[in-house]
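> Sharing a structure below in structure tokens format, with a few things to ask.
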Amino acid sequence: MSEIRKHYFLEEYCIVAAGRGKRPSDFSSSPEVQNATTCVFCAGKEDKTPPALAVYKGGKILRDSKDELIKDWQIRCIPNLYPALSPEGAGTPYLSGYGFHEVIIEIPQHERKLTDFTDKEMDLLMTAYRDRVMHYWKQPDIRFVSLFKNWGKQAGASLEHTHSQLIALPLVPPSIKRESDAIHEKGKCPYCEIVRMESSNERSIYENEHFIAFAPYCSKVPFEIWFLPKTHVSHLGVMSEEILHSLGNAIRYVLFGMDKVLASPAYNYMFFQLMNDDSYHLNLRLQPVTSKMAGFEKNTDIFINTMPPEKAAEYLNNGISGQEVH
């Protein structure tokens, strides 16, 4: 029996087609082979990329110079070699494609991925996320900073070495503005209500002191997961080290479950945040690549999801149960 579900507070819909009866194995794909031979993101290949704008090493934030490329780094942030936007057009942002496009290389070793990061490595990555977002937010004419991660070729990653990306825009995306307008119209934060609604229910997957992770009622794709801070914060810049630690733990825990249940799927995760609107509630959305957008979705912007979020949460919880997660 199919069901049309409405977004928590927007005029958006999805169709949950539970009658198709799919199981996790129907969504699984074989992990891609890791190959470090020609990877320019690996330690020792620093001269194969643009000089780093920020290098995290030994508790310091450094920067490459023309004469010296920093070695033995922990995280390396470099300009994208093929940027979607570039800073050259300052002053005429819309006409010139003004903005910034950065790659955050999360770790020197090619074979590592987030599920085997230590607590300290996850803490450092979350700190780098916060630092780099706020760095670009302070640049002239920047109105939104998109922070996201593509893992796996099917998710749009051009290189296998684990990395995230950041694109700073001179405009607020219409989808974010629509959310912000709806929140202002309600006069109170709907995400705070979602935290209360989704804590410890059948869609809940993980909860710690500062974050919850759950399969949203209106999931667009199978095994979609949202992460929400329990306290109202609008962007990464206002998060303490303790809250960032909780965020890193939540991400790693859920990805561990997906690796177990879906055999290491390709995925995207995206941060939704606003720096100049305290009414907005930061959220992170994780979507494994389990289906493709087809004609109906492109025609209607209504997604057909063949895995009910309640069932997705059950599969993930059963897959993680009894397993040791860092």
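By convention in this document, the chains of the structure tokens carry letters A, B, ... by their order, each chain's residues are numbered from 1, and ligands are numbered from 1 in the order they are shown.
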As a list in words, list the residues of range 29-87 of chain A assigned to helix (DSSP H, G or I) by DSSP on the backbone atoms of this structure.
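Going through range 29-87 of chain A, the helix (DSSP H, G or I) residues come out as Glu46, Asp47, Lys48 and Pro87 of chain A.
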> Could the residues in this selection be written to a file with all heavy atoms, as a compact mmCIF listing (two decimals), in the first residue's frame?

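And here is the file that came out, out-v5.txt:
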# COMPACT_ATOMS: atom_id res chain seq x y z
N GLU A 46 51.79 16.53 -2.42
CA GLU A 46 51.35 17.91 -2.21
C GLU A 46 51.66 18.81 -3.42
O GLU A 46 50.92 19.78 -3.67
CB GLU A 46 52.02 18.49 -0.95
CG GLU A 46 51.57 17.89 0.35
CD GLU A 46 52.23 16.55 0.69
OE1 GLU A 46 53.21 16.19 -0.01
OE2 GLU A 46 51.77 15.88 1.64
N ASP A 47 52.69 18.49 -4.16
CA ASP A 47 53.05 19.32 -5.31
C ASP A 47 52.14 19.09 -6.51
O ASP A 47 52.24 19.79 -7.52
CB ASP A 47 54.51 19.07 -5.71
CG ASP A 47 54.78 17.62 -6.10
OD1 ASP A 47 54.05 16.73 -5.61
OD2 ASP A 47 55.70 17.38 -6.89
N LYS A 48 51.22 18.13 -6.40
CA LYS A 48 50.32 17.81 -7.52
C LYS A 48 49.00 18.58 -7.41
O LYS A 48 48.14 18.45 -8.29
CB LYS A 48 50.02 16.31 -7.55
CG LYS A 48 51.26 15.42 -7.63
CD LYS A 48 52.06 15.68 -8.89
CE LYS A 48 53.27 14.73 -8.97
NZ LYS A 48 54.11 15.02 -10.15
N PRO A 87 37.14 33.55 -6.98
CA PRO A 87 37.14 34.87 -6.34
C PRO A 87 37.50 36.02 -7.25
O PRO A 87 37.41 37.18 -6.84
CB PRO A 87 38.18 34.71 -5.23
CG PRO A 87 39.09 33.63 -5.71
CD PRO A 87 38.24 32.69 -6.50
> Would you kindly return, as a PyMOL selection string, each protein, DNA or RNA residue with an atom no farther than 9 Å from any atom of range 283-292 of chain A, considering only C-alpha atoms and excluding same-chain residues fewer than 2 positions away?
chain A and resi 26-29+154-155+191+220-229+234-235+251+258+262+265-273+281+294+305
> Produce a file of the selected residues containing N, CA and C atoms, as a short mmCIF file (atom, residue, chain, number, x, y, z; two decimals), in the first residue's frame.

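The resulting result_11.cif:
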data_model
loop_
_atom_site.label_atom_id
_atom_site.label_comp_id
_atom_site.auth_asym_id
_atom_site.auth_seq_id
_atom_site.Cartn_x
_atom_site.Cartn_y
_atom_site.Cartn_z
N ASP A 26 18.61 -5.18 -1.92
CA ASP A 26 18.16 -4.63 -3.20
C ASP A 26 18.79 -3.26 -3.48
N PHE A 27 19.32 -2.64 -2.44
CA PHE A 27 19.92 -1.31 -2.60
C PHE A 27 21.45 -1.36 -2.58
N SER A 28 22.02 -2.49 -2.22
CA SER A 28 23.47 -2.58 -2.02
C SER A 28 24.21 -2.55 -3.34
N SER A 29 25.42 -2.01 -3.29
CA SER A 29 26.31 -2.03 -4.45
C SER A 29 27.70 -2.37 -3.97
N GLN A 154 29.41 6.96 -7.72
CA GLN A 154 27.98 7.10 -7.97
C GLN A 154 27.39 8.33 -7.28
N ALA A 155 28.08 8.83 -6.27
CA ALA A 155 27.61 10.02 -5.55
C ALA A 155 28.24 11.30 -6.09
N TYR A 191 12.05 22.80 13.50
CA TYR A 191 13.06 21.77 13.72
C TYR A 191 13.17 21.39 15.20
N LYS A 220 13.05 11.30 1.10
CA LYS A 220 12.98 11.35 -0.36
C LYS A 220 13.57 10.10 -1.00
N VAL A 221 14.60 9.53 -0.35
CA VAL A 221 15.27 8.36 -0.91
C VAL A 221 15.39 7.28 0.17
N PRO A 222 15.54 6.02 -0.21
CA PRO A 222 15.70 4.96 0.77
C PRO A 222 16.91 5.19 1.68
N PHE A 223 16.71 5.02 2.98
CA PHE A 223 17.74 5.13 3.99
C PHE A 223 18.28 6.56 4.16
N GLU A 224 17.49 7.55 3.78
CA GLU A 224 17.87 8.94 4.07
C GLU A 224 17.87 9.15 5.58
N ILE A 225 18.89 9.88 6.07
CA ILE A 225 19.02 10.14 7.50
C ILE A 225 19.22 11.64 7.72
N TRP A 226 18.53 12.18 8.73
CA TRP A 226 18.75 13.57 9.15
C TRP A 226 19.42 13.57 10.52
N PHE A 227 20.28 14.58 10.72
CA PHE A 227 20.94 14.81 12.00
C PHE A 227 20.53 16.21 12.47
N LEU A 228 20.01 16.29 13.70
CA LEU A 228 19.59 17.58 14.24
C LEU A 228 20.21 17.81 15.61
N PRO A 229 20.79 19.00 15.84
CA PRO A 229 21.22 19.34 17.21
C PRO A 229 20.00 19.52 18.10
N SER A 234 22.03 27.82 14.69
CA SER A 234 21.75 28.11 13.28
C SER A 234 22.90 27.76 12.35
N HIS A 235 24.12 27.66 12.88
CA HIS A 235 25.25 27.33 12.00
C HIS A 235 26.41 26.78 12.82
N ILE A 251 27.66 11.10 13.07
CA ILE A 251 27.95 10.80 11.66
C ILE A 251 28.64 9.44 11.53
N MET A 258 25.32 1.98 7.93
CA MET A 258 25.08 1.86 6.49
C MET A 258 26.08 0.92 5.82
N LEU A 262 24.11 -1.83 4.02
CA LEU A 262 24.07 -1.58 2.58
C LEU A 262 25.39 -1.86 1.88
N PRO A 265 27.72 1.81 0.81
CA PRO A 265 27.17 2.50 -0.36
C PRO A 265 27.84 3.84 -0.61
N ALA A 266 27.76 4.30 -1.84
CA ALA A 266 28.09 5.70 -2.13
C ALA A 266 27.05 6.58 -1.44
N TYR A 267 27.45 7.78 -1.05
CA TYR A 267 26.50 8.65 -0.36
C TYR A 267 26.90 10.11 -0.52
N ASN A 268 25.95 10.96 -0.23
CA ASN A 268 26.17 12.41 -0.09
C ASN A 268 25.67 12.84 1.28
N TYR A 269 26.39 13.73 1.93
CA TYR A 269 25.77 14.44 3.04
C TYR A 269 25.99 15.93 2.87
N MET A 270 25.00 16.69 3.34
CA MET A 270 24.95 18.12 3.09
C MET A 270 24.54 18.85 4.36
N PHE A 271 25.25 19.94 4.66
CA PHE A 271 24.90 20.79 5.80
C PHE A 271 23.94 21.88 5.33
N PHE A 272 22.85 22.06 6.08
CA PHE A 272 21.90 23.13 5.84
C PHE A 272 22.01 24.08 7.02
N GLN A 273 22.41 25.33 6.75
CA GLN A 273 22.65 26.29 7.83
C GLN A 273 22.57 27.71 7.28
N HIS A 281 17.51 26.45 12.00
CA HIS A 281 18.04 25.38 12.83
C HIS A 281 18.94 24.51 11.95
N ALA A 294 14.30 10.00 -11.73
CA ALA A 294 13.81 9.69 -13.07
C ALA A 294 12.77 10.72 -13.51
N ASN A 305 9.82 6.77 -2.87
CA ASN A 305 10.75 6.08 -1.98
C ASN A 305 10.21 4.67 -1.71
#
> Counting only C-alpha atoms, what is within 10 Å of range 161-165 of chain A, bar same-chain residues fewer than 4 positions away, as number ranges by chain?
A: 34-36, 39-42, 75-80, 101-114, 125, 129, 146-152, 157, 268-270
> Let's see if you can do this: from backbone DSSP, list all strand (DSSP E) residues in range 228-276 of chain A, as a list in words.
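These are the residues in question: Leu228, Pro229, Tyr267, Asn268, Tyr269, Met270, Phe271 and Phe272 of chain A.
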> Can I get the selected residues back with N, CA, C and O atoms, as a tab-separated table (two decimals), in the first residue's frame?

chain	number	residue	atom	x	y	z
A	228	LEU	N	20.01	16.29	13.70
A	228	LEU	CA	19.59	17.58	14.24
A	228	LEU	C	20.21	17.81	15.61
A	228	LEU	O	20.18	16.91	16.47
A	229	PRO	N	20.79	19.00	15.84
A	229	PRO	CA	21.22	19.34	17.21
A	229	PRO	C	20.00	19.52	18.10
A	229	PRO	O	18.97	20.06	17.68
A	267	TYR	N	27.45	7.78	-1.05
A	267	TYR	CA	26.50	8.65	-0.36
A	267	TYR	C	26.90	10.11	-0.52
A	267	TYR	O	28.04	10.45	-0.87
A	268	ASN	N	25.95	10.96	-0.23
A	268	ASN	CA	26.17	12.41	-0.09
A	268	ASN	C	25.67	12.84	1.28
A	268	ASN	O	24.65	12.35	1.74
A	269	TYR	N	26.39	13.73	1.93
A	269	TYR	CA	25.77	14.44	3.04
A	269	TYR	C	25.99	15.93	2.87
A	269	TYR	O	26.99	16.37	2.29
A	270	MET	N	25.00	16.69	3.34
A	270	MET	CA	24.95	18.12	3.09
A	270	MET	C	24.54	18.85	4.36
A	270	MET	O	23.62	18.43	5.04
A	271	PHE	N	25.25	19.94	4.66
A	271	PHE	CA	24.90	20.79	5.80
A	271	PHE	C	23.94	21.88	5.33
A	271	PHE	O	24.18	22.55	4.33
A	272	PHE	N	22.85	22.06	6.08
A	272	PHE	CA	21.90	23.13	5.84
A	272	PHE	C	22.01	24.08	7.02
A	272	PHE	O	21.73	23.69	8.17
> Hey, what's within 12 Å of Glu314 in chain A if we count only C-alpha atoms and toss same-chain stuff fewer than 4 positions away? As a ChimeraX atom specification, please?
/A:23-24,201-206,214-215,223,257,261,307-310,318-321
